[in-house]
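Enquirer: Pasting model.cif here (mmCIF, C-alpha atoms):
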```cif
data_start
#
loop_
_atom_site.label_atom_id
_atom_site.label_comp_id
_atom_site.auth_asym_id
_atom_site.auth_seq_id
_atom_site.Cartn_x
_atom_site.Cartn_y
_atom_site.Cartn_z
CA MET A 133 86.47 33.14 -29.90
CA ALA A 134 84.21 31.71 -27.22
CA SER A 135 83.11 28.51 -25.60
CA PRO A 136 79.37 27.92 -25.21
CA ASP A 137 79.73 28.57 -21.50
CA GLY A 138 82.01 27.94 -18.58
CA GLU A 139 80.32 24.82 -17.21
CA LYS A 140 82.19 21.63 -16.48
CA GLY A 141 82.90 19.67 -19.62
CA GLY A 142 83.23 22.74 -21.83
CA THR A 143 86.33 23.75 -23.71
CA THR A 144 88.21 26.46 -21.85
CA MET A 145 89.11 29.82 -23.35
CA ALA A 146 92.83 29.12 -22.80
CA SER A 147 92.77 25.78 -24.58
CA MET A 148 90.72 27.22 -27.44
CA THR A 149 93.19 30.06 -27.85
CA ALA A 150 96.03 27.54 -28.03
CA GLU A 151 94.09 25.48 -30.56
CA ALA A 152 93.39 28.54 -32.66
CA GLU A 153 97.03 29.63 -32.64
CA ALA A 154 98.18 26.14 -33.64
CA TRP A 155 95.49 26.09 -36.32
CA GLY A 156 96.68 29.44 -37.66
CA LEU A 157 93.43 31.39 -37.38
CA PRO A 158 93.71 35.10 -38.16
CA HIS A 159 93.59 37.68 -35.39
CA GLY A 160 91.92 41.08 -35.32
CA ARG A 161 88.99 40.42 -37.64
CA SER A 162 85.75 38.50 -37.78
CA LEU A 163 86.14 34.96 -39.04
CA THR A 164 84.47 33.63 -42.17
CA ARG A 165 83.49 30.25 -43.50
CA ALA A 166 86.80 30.03 -45.37
CA ASP A 167 88.64 30.17 -42.05
CA LEU A 168 86.97 26.90 -41.00
CA ALA A 169 88.44 24.98 -43.93
CA ASP A 170 91.42 23.75 -41.91
CA ALA A 171 89.58 23.05 -38.65
CA PRO A 172 91.22 20.13 -36.83
CA ASP A 173 89.45 16.77 -36.77
CA ASP A 174 89.64 16.44 -33.01
CA GLY A 175 86.08 15.58 -31.97
CA HIS A 176 85.14 19.19 -31.19
CA ARG A 177 82.39 21.04 -33.02
CA TYR A 178 83.55 24.27 -34.67
CA GLU A 179 80.85 26.80 -35.53
CA LEU A 180 80.73 30.49 -36.43
CA ILE A 181 78.10 32.95 -35.32
CA ASP A 182 78.51 36.46 -36.70
CA GLY A 183 82.23 35.92 -37.15
CA VAL A 184 82.88 34.52 -33.67
CA LEU A 185 84.26 30.99 -33.38
CA ILE A 186 82.33 28.70 -31.04
CA VAL A 187 84.02 25.47 -29.95
CA SER A 188 81.97 22.72 -28.29
CA PRO A 189 83.30 19.49 -26.77
CA ALA A 190 82.44 16.07 -28.14
CA PRO A 191 78.91 15.02 -27.08
CA THR A 192 78.06 12.31 -24.56
CA GLN A 193 76.49 8.95 -25.28
CA ARG A 194 73.13 10.10 -23.87
CA HIS A 195 73.21 13.17 -26.10
CA GLN A 196 73.95 11.11 -29.19
CA ARG A 197 71.34 8.50 -28.35
CA ALA A 198 68.59 11.12 -28.01
CA ALA A 199 69.60 12.72 -31.32
CA PHE A 200 69.65 9.33 -33.03
CA LEU A 201 66.23 8.26 -31.72
CA LEU A 202 64.66 11.56 -32.76
CA ALA A 203 66.31 11.46 -36.18
CA MET A 204 64.82 8.00 -36.73
CA GLN A 205 61.32 9.26 -35.93
CA LEU A 206 61.76 12.31 -38.14
CA GLU A 207 63.05 10.17 -41.01
CA ILE A 208 60.00 7.89 -40.85
CA ALA A 209 57.62 10.85 -40.98
CA CYS A 210 59.58 13.06 -43.41
CA PRO A 211 57.69 13.72 -46.69
CA PRO A 212 59.22 13.87 -50.17
CA GLY A 213 61.10 17.07 -50.86
CA LEU A 214 62.67 17.26 -47.39
CA ARG A 215 65.71 15.46 -45.97
CA VAL A 216 66.77 14.67 -42.39
CA ILE A 217 70.51 15.05 -41.79
CA PRO A 218 72.29 14.47 -38.46
CA ALA A 219 75.39 16.38 -37.34
CA PRO A 220 78.01 17.12 -38.32
CA PHE A 221 76.64 18.99 -41.32
CA ASP A 222 77.11 22.70 -42.02
CA VAL A 223 74.18 25.08 -42.16
CA VAL A 224 75.49 28.25 -43.81
CA LEU A 225 73.36 31.23 -42.84
CA ALA A 226 75.92 33.87 -43.89
CA VAL A 227 79.57 34.11 -44.86
CA ASP A 228 80.37 34.58 -41.16
CA THR A 229 77.73 32.23 -39.70
CA VAL A 230 78.08 28.46 -40.05
CA MET A 231 76.32 26.20 -37.56
CA GLN A 232 75.95 22.45 -37.10
CA PRO A 233 72.63 21.60 -35.44
CA ASP A 234 72.39 18.10 -34.00
CA ILE A 235 69.65 17.43 -36.57
CA VAL A 236 68.70 19.55 -39.54
CA ILE A 237 65.82 19.16 -41.96
CA GLY A 238 66.32 20.96 -45.24
CA ARG A 239 64.67 21.14 -48.62
CA ILE A 240 66.38 18.69 -50.97
CA ALA A 241 66.44 21.32 -53.70
CA GLU A 242 68.55 23.59 -51.45
CA LEU A 243 71.05 20.98 -50.21
CA THR A 244 74.53 20.46 -51.60
CA ASP A 245 76.84 17.55 -50.82
CA ALA A 246 78.79 19.80 -48.47
CA ASP A 247 76.19 21.93 -46.72
CA LEU A 248 72.79 23.59 -46.56
CA PRO A 249 73.36 27.16 -47.80
CA ALA A 250 69.89 28.29 -46.72
CA ALA A 251 67.68 28.43 -43.64
CA PRO A 252 66.62 24.91 -42.68
CA VAL A 253 62.97 23.97 -42.28
CA LEU A 254 63.78 22.56 -38.82
CA ALA A 255 66.87 22.75 -36.63
CA VAL A 256 67.19 20.56 -33.52
CA GLU A 257 69.68 20.81 -30.68
CA VAL A 258 70.14 18.31 -27.85
CA LEU A 259 71.28 20.10 -24.70
CA SER A 260 74.60 19.33 -23.05
CA PRO A 261 75.87 20.96 -19.84
CA SER A 262 78.49 22.82 -21.87
CA THR A 263 76.10 24.08 -24.56
CA ARG A 264 72.84 24.74 -22.67
CA ARG A 265 72.91 28.56 -22.63
CA PHE A 266 74.39 28.66 -26.13
CA ASP A 267 71.57 26.52 -27.56
CA LEU A 268 68.76 28.20 -25.62
CA VAL A 269 69.81 31.80 -26.20
CA LEU A 270 72.43 32.52 -28.86
CA LYS A 271 71.57 29.78 -31.36
CA ARG A 272 67.85 30.32 -30.92
CA SER A 273 68.23 34.04 -31.59
CA ARG A 274 70.40 33.45 -34.66
CA PHE A 275 68.02 30.86 -36.11
CA GLU A 276 65.12 33.24 -35.51
CA SER A 277 66.82 36.11 -37.34
CA ALA A 278 67.71 33.78 -40.22
CA GLY A 279 64.09 32.74 -40.68
CA VAL A 280 64.38 29.12 -39.52
CA ALA A 281 60.70 28.19 -39.25
CA HIS A 282 61.02 25.59 -36.51
CA TYR A 283 63.57 25.19 -33.72
CA TRP A 284 63.44 22.31 -31.22
CA VAL A 285 65.57 21.78 -28.12
CA ILE A 286 65.78 18.36 -26.48
CA ASP A 287 66.81 17.92 -22.85
CA ALA A 288 67.55 14.20 -22.48
CA ALA A 289 68.32 14.57 -18.78
CA GLU A 290 64.80 15.72 -17.87
CA PRO A 291 63.61 14.56 -20.49
CA SER A 292 61.77 17.34 -22.32
CA ILE A 293 61.16 18.78 -25.78
CA THR A 294 60.78 22.52 -26.32
CA VAL A 295 59.47 23.79 -29.65
CA TRP A 296 59.64 27.29 -31.12
CA THR A 297 57.78 28.22 -34.30
CA LEU A 298 58.33 31.34 -36.37
CA VAL A 299 55.27 33.63 -36.48
CA ASP A 300 55.53 36.94 -38.34
CA GLY A 301 59.32 36.73 -38.27
CA ARG A 302 59.59 36.02 -34.53
CA TYR A 303 59.53 32.90 -32.39
CA GLY A 304 56.33 32.83 -30.39
CA ASP A 305 55.92 31.35 -26.93
CA PRO A 306 57.45 27.87 -26.89
CA VAL A 307 55.52 24.63 -26.52
CA ARG A 308 57.17 22.40 -23.93
CA VAL A 309 56.41 18.79 -23.01
CA THR A 310 58.07 16.49 -20.49
CA GLY A 311 58.17 12.77 -19.76
CA ASP A 312 55.19 10.94 -21.23
CA GLU A 313 53.42 14.10 -22.42
CA PRO A 314 52.88 13.85 -26.19
CA LEU A 315 54.15 16.44 -28.59
CA ALA A 316 51.87 16.48 -31.62
CA VAL A 317 52.87 18.81 -34.45
CA ALA A 318 51.53 19.37 -37.94
CA GLU A 319 54.53 21.37 -39.19
CA PRO A 320 56.96 20.99 -40.78
CA PHE A 321 55.12 17.66 -41.08
CA ALA A 322 52.87 15.54 -38.89
CA LEU A 323 54.65 13.87 -35.97
CA ARG A 324 53.64 12.62 -32.54
CA ILE A 325 56.36 11.89 -30.01
CA THR A 326 57.06 12.04 -26.28
CA PRO A 327 60.33 13.00 -24.57
CA ASN A 328 60.49 9.51 -23.04
CA ASP A 329 60.70 8.12 -26.58
CA LEU A 330 64.14 9.72 -26.80
CA VAL A 331 65.71 8.05 -23.78
CA ASP A 332 66.27 4.41 -22.94
#
```
Can the structure from this file be put into structure tokens for me?
Expert:
Amino acid sequence: MASPDGEKGGTTMASMTAEAEAWGLPHGRSLTRADLADAPDDGHRYELIDGVLIVSPAPTQRHQRAAFLLAMQLEIACPPGLRVIPAPFDVVLAVDTVMQPDIVIGRIAELTDADLPAAPVLAVEVLSPSTRRFDLVLKRSRFESAGVAHYWVIDAAEPSITVWTLVDGRYGDPVRVTGDEPLAVAEPFALRITPNDLVD
């Protein structure tokens, strides 16, 4: 079990161990999706990556506002056949890998009421101090290996938007814009936005 990192605001290893013991999680083996069924409703985000439990603290108002403003823009531009869904919503990449991006865009045909049991078309994370390295390194790598075509990371503090696109099975060099610089993309659908559009 791990926290995204040790920065201020993150859940500590000791408290997570206590939570896990109270929750009754098994010891000595990798966790699976079934183990998340009884996760406490305590405001934390519980995710699995390759059988390891990741616990993130509740997000800040600025984090949620940036996610909301982006989700609105994505919803306006989203074509038929795709759906924009904000967190919390499970993306099941394997029996031992269940993540909850801040925003996910999936094919309607692949969605269930409970989750997206397939690689999303787009996954978006909004950085928090306690999840920065987790989002930029571990999640990015796992989304890449799962074939997630587009991965965006929003830094509302800067503000900035960083975009990775899958090319021949690997994420190429990212496109990064800050402030009033426009991000214009054609995939997964046409959208033009600036980082400043996500803060107010």
Enquirer: Translate the PyMOL selection byres ((chain A and resi 263-280) around 8) into a concrete residue list for this structure, as a count of residues only.
Expert: 24
Enquirer: Around the point (76.0, 28.5, -36.0), in the coordinates given by the file, pick out the residues reaching within 6 Å, counting all atoms listed in the file, and return them as a list in words.
Expert: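 I get Glu179, Leu180, Ile181, Thr229, Val230 and Met231 of chain A for the residues within 6 Å of that point.
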Enquirer: Check which residues satisfy the PyMOL selection byres ((chain A and resi 219) around 9) in the file shown, then give them as an mmCIF file with C-alpha atoms, in the coordinates of the input.
Expert:
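File result00.cif, as written:
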```cif
data_model
loop_
_atom_site.group_PDB
_atom_site.id
_atom_site.type_symbol
_atom_site.label_atom_id
_atom_site.label_comp_id
_atom_site.auth_asym_id
_atom_site.auth_seq_id
_atom_site.Cartn_x
_atom_site.Cartn_y
_atom_site.Cartn_z
ATOM 1 C CA ILE A 217 70.510 15.050 -41.790
ATOM 2 C CA PRO A 218 72.290 14.470 -38.460
ATOM 3 C CA PRO A 220 78.010 17.120 -38.320
ATOM 4 C CA PHE A 221 76.640 18.990 -41.320
ATOM 5 C CA ASP A 222 77.110 22.700 -42.020
ATOM 6 C CA GLN A 232 75.950 22.450 -37.100
ATOM 7 C CA PRO A 233 72.630 21.600 -35.440
ATOM 8 C CA ASP A 234 72.390 18.100 -34.000
ATOM 9 C CA ILE A 235 69.650 17.430 -36.570
ATOM 10 C CA VAL A 236 68.700 19.550 -39.540
#
```
Enquirer: Would you mind reading off the distance between CA of Pro314 in chain A and CA of Val295 in chain A, one decimal, in Å?
Expert: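 Going from CA of Pro314 in chain A over to CA of Val295 in chain A, I get 12.4 Å.
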Enquirer: Nearest to Arg197 in chain A: which of A:Pro306, A:Ala322, A:Ala289, A:Pro212 is it, counting only C-alpha atoms?
Expert: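 Ranked by minimum distance to Arg197 in chain A, first place goes to A:Ala289.
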Enquirer: May I ask which of the residues A:Cys210, A:Gly183, A:Ile240, A:Gly311 is the closest one to Pro158 in chain A, counting all atoms listed in the file?
Expert: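 Under the stated criterion, the closest residue is A:Gly183.
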Enquirer: Could you list, as a list in words, every residue matched by the PyMOL selection byres ((chain A and resi 195) around 8) in this structure?
Expert: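 This file, filtered by the PyMOL selection byres ((chain A and resi 195) around 8), leaves Pro191, Thr192, Gln193, Arg194, Gln196, Arg197, Ala198, Ala199, Val258, Leu259, Ser260 and Ala288 of chain A.
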Enquirer: Quick one: pull the distance between CA of Ala169 in chain A and CA of Leu214 in chain A, Å, one decimal.
Expert: 27.1 Å
Enquirer: When you draw a straight line from CA of Pro327 in chain A to CA of Ser292 in chain A, how long is it in Å?
Expert: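 Taking CA of Pro327 in chain A as the start and CA of Ser292 in chain A as the end point, the length is 5.1 Å.
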Enquirer: Considering all atoms listed in the file, state which residue in the set A:Ala190, A:Val227, A:Ile325, A:Leu330 is at the smallest distance from Arg165 in chain A.
Expert: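 For Arg165 in chain A, the nearest of the given residues is A:Val227.
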Enquirer: Go through A:Glu319, A:Ala166, A:Ala203, A:Ala246 and flag the residue nearest Val223 in chain A, using only C-alpha atoms for the distances.
Expert: A:Ala246
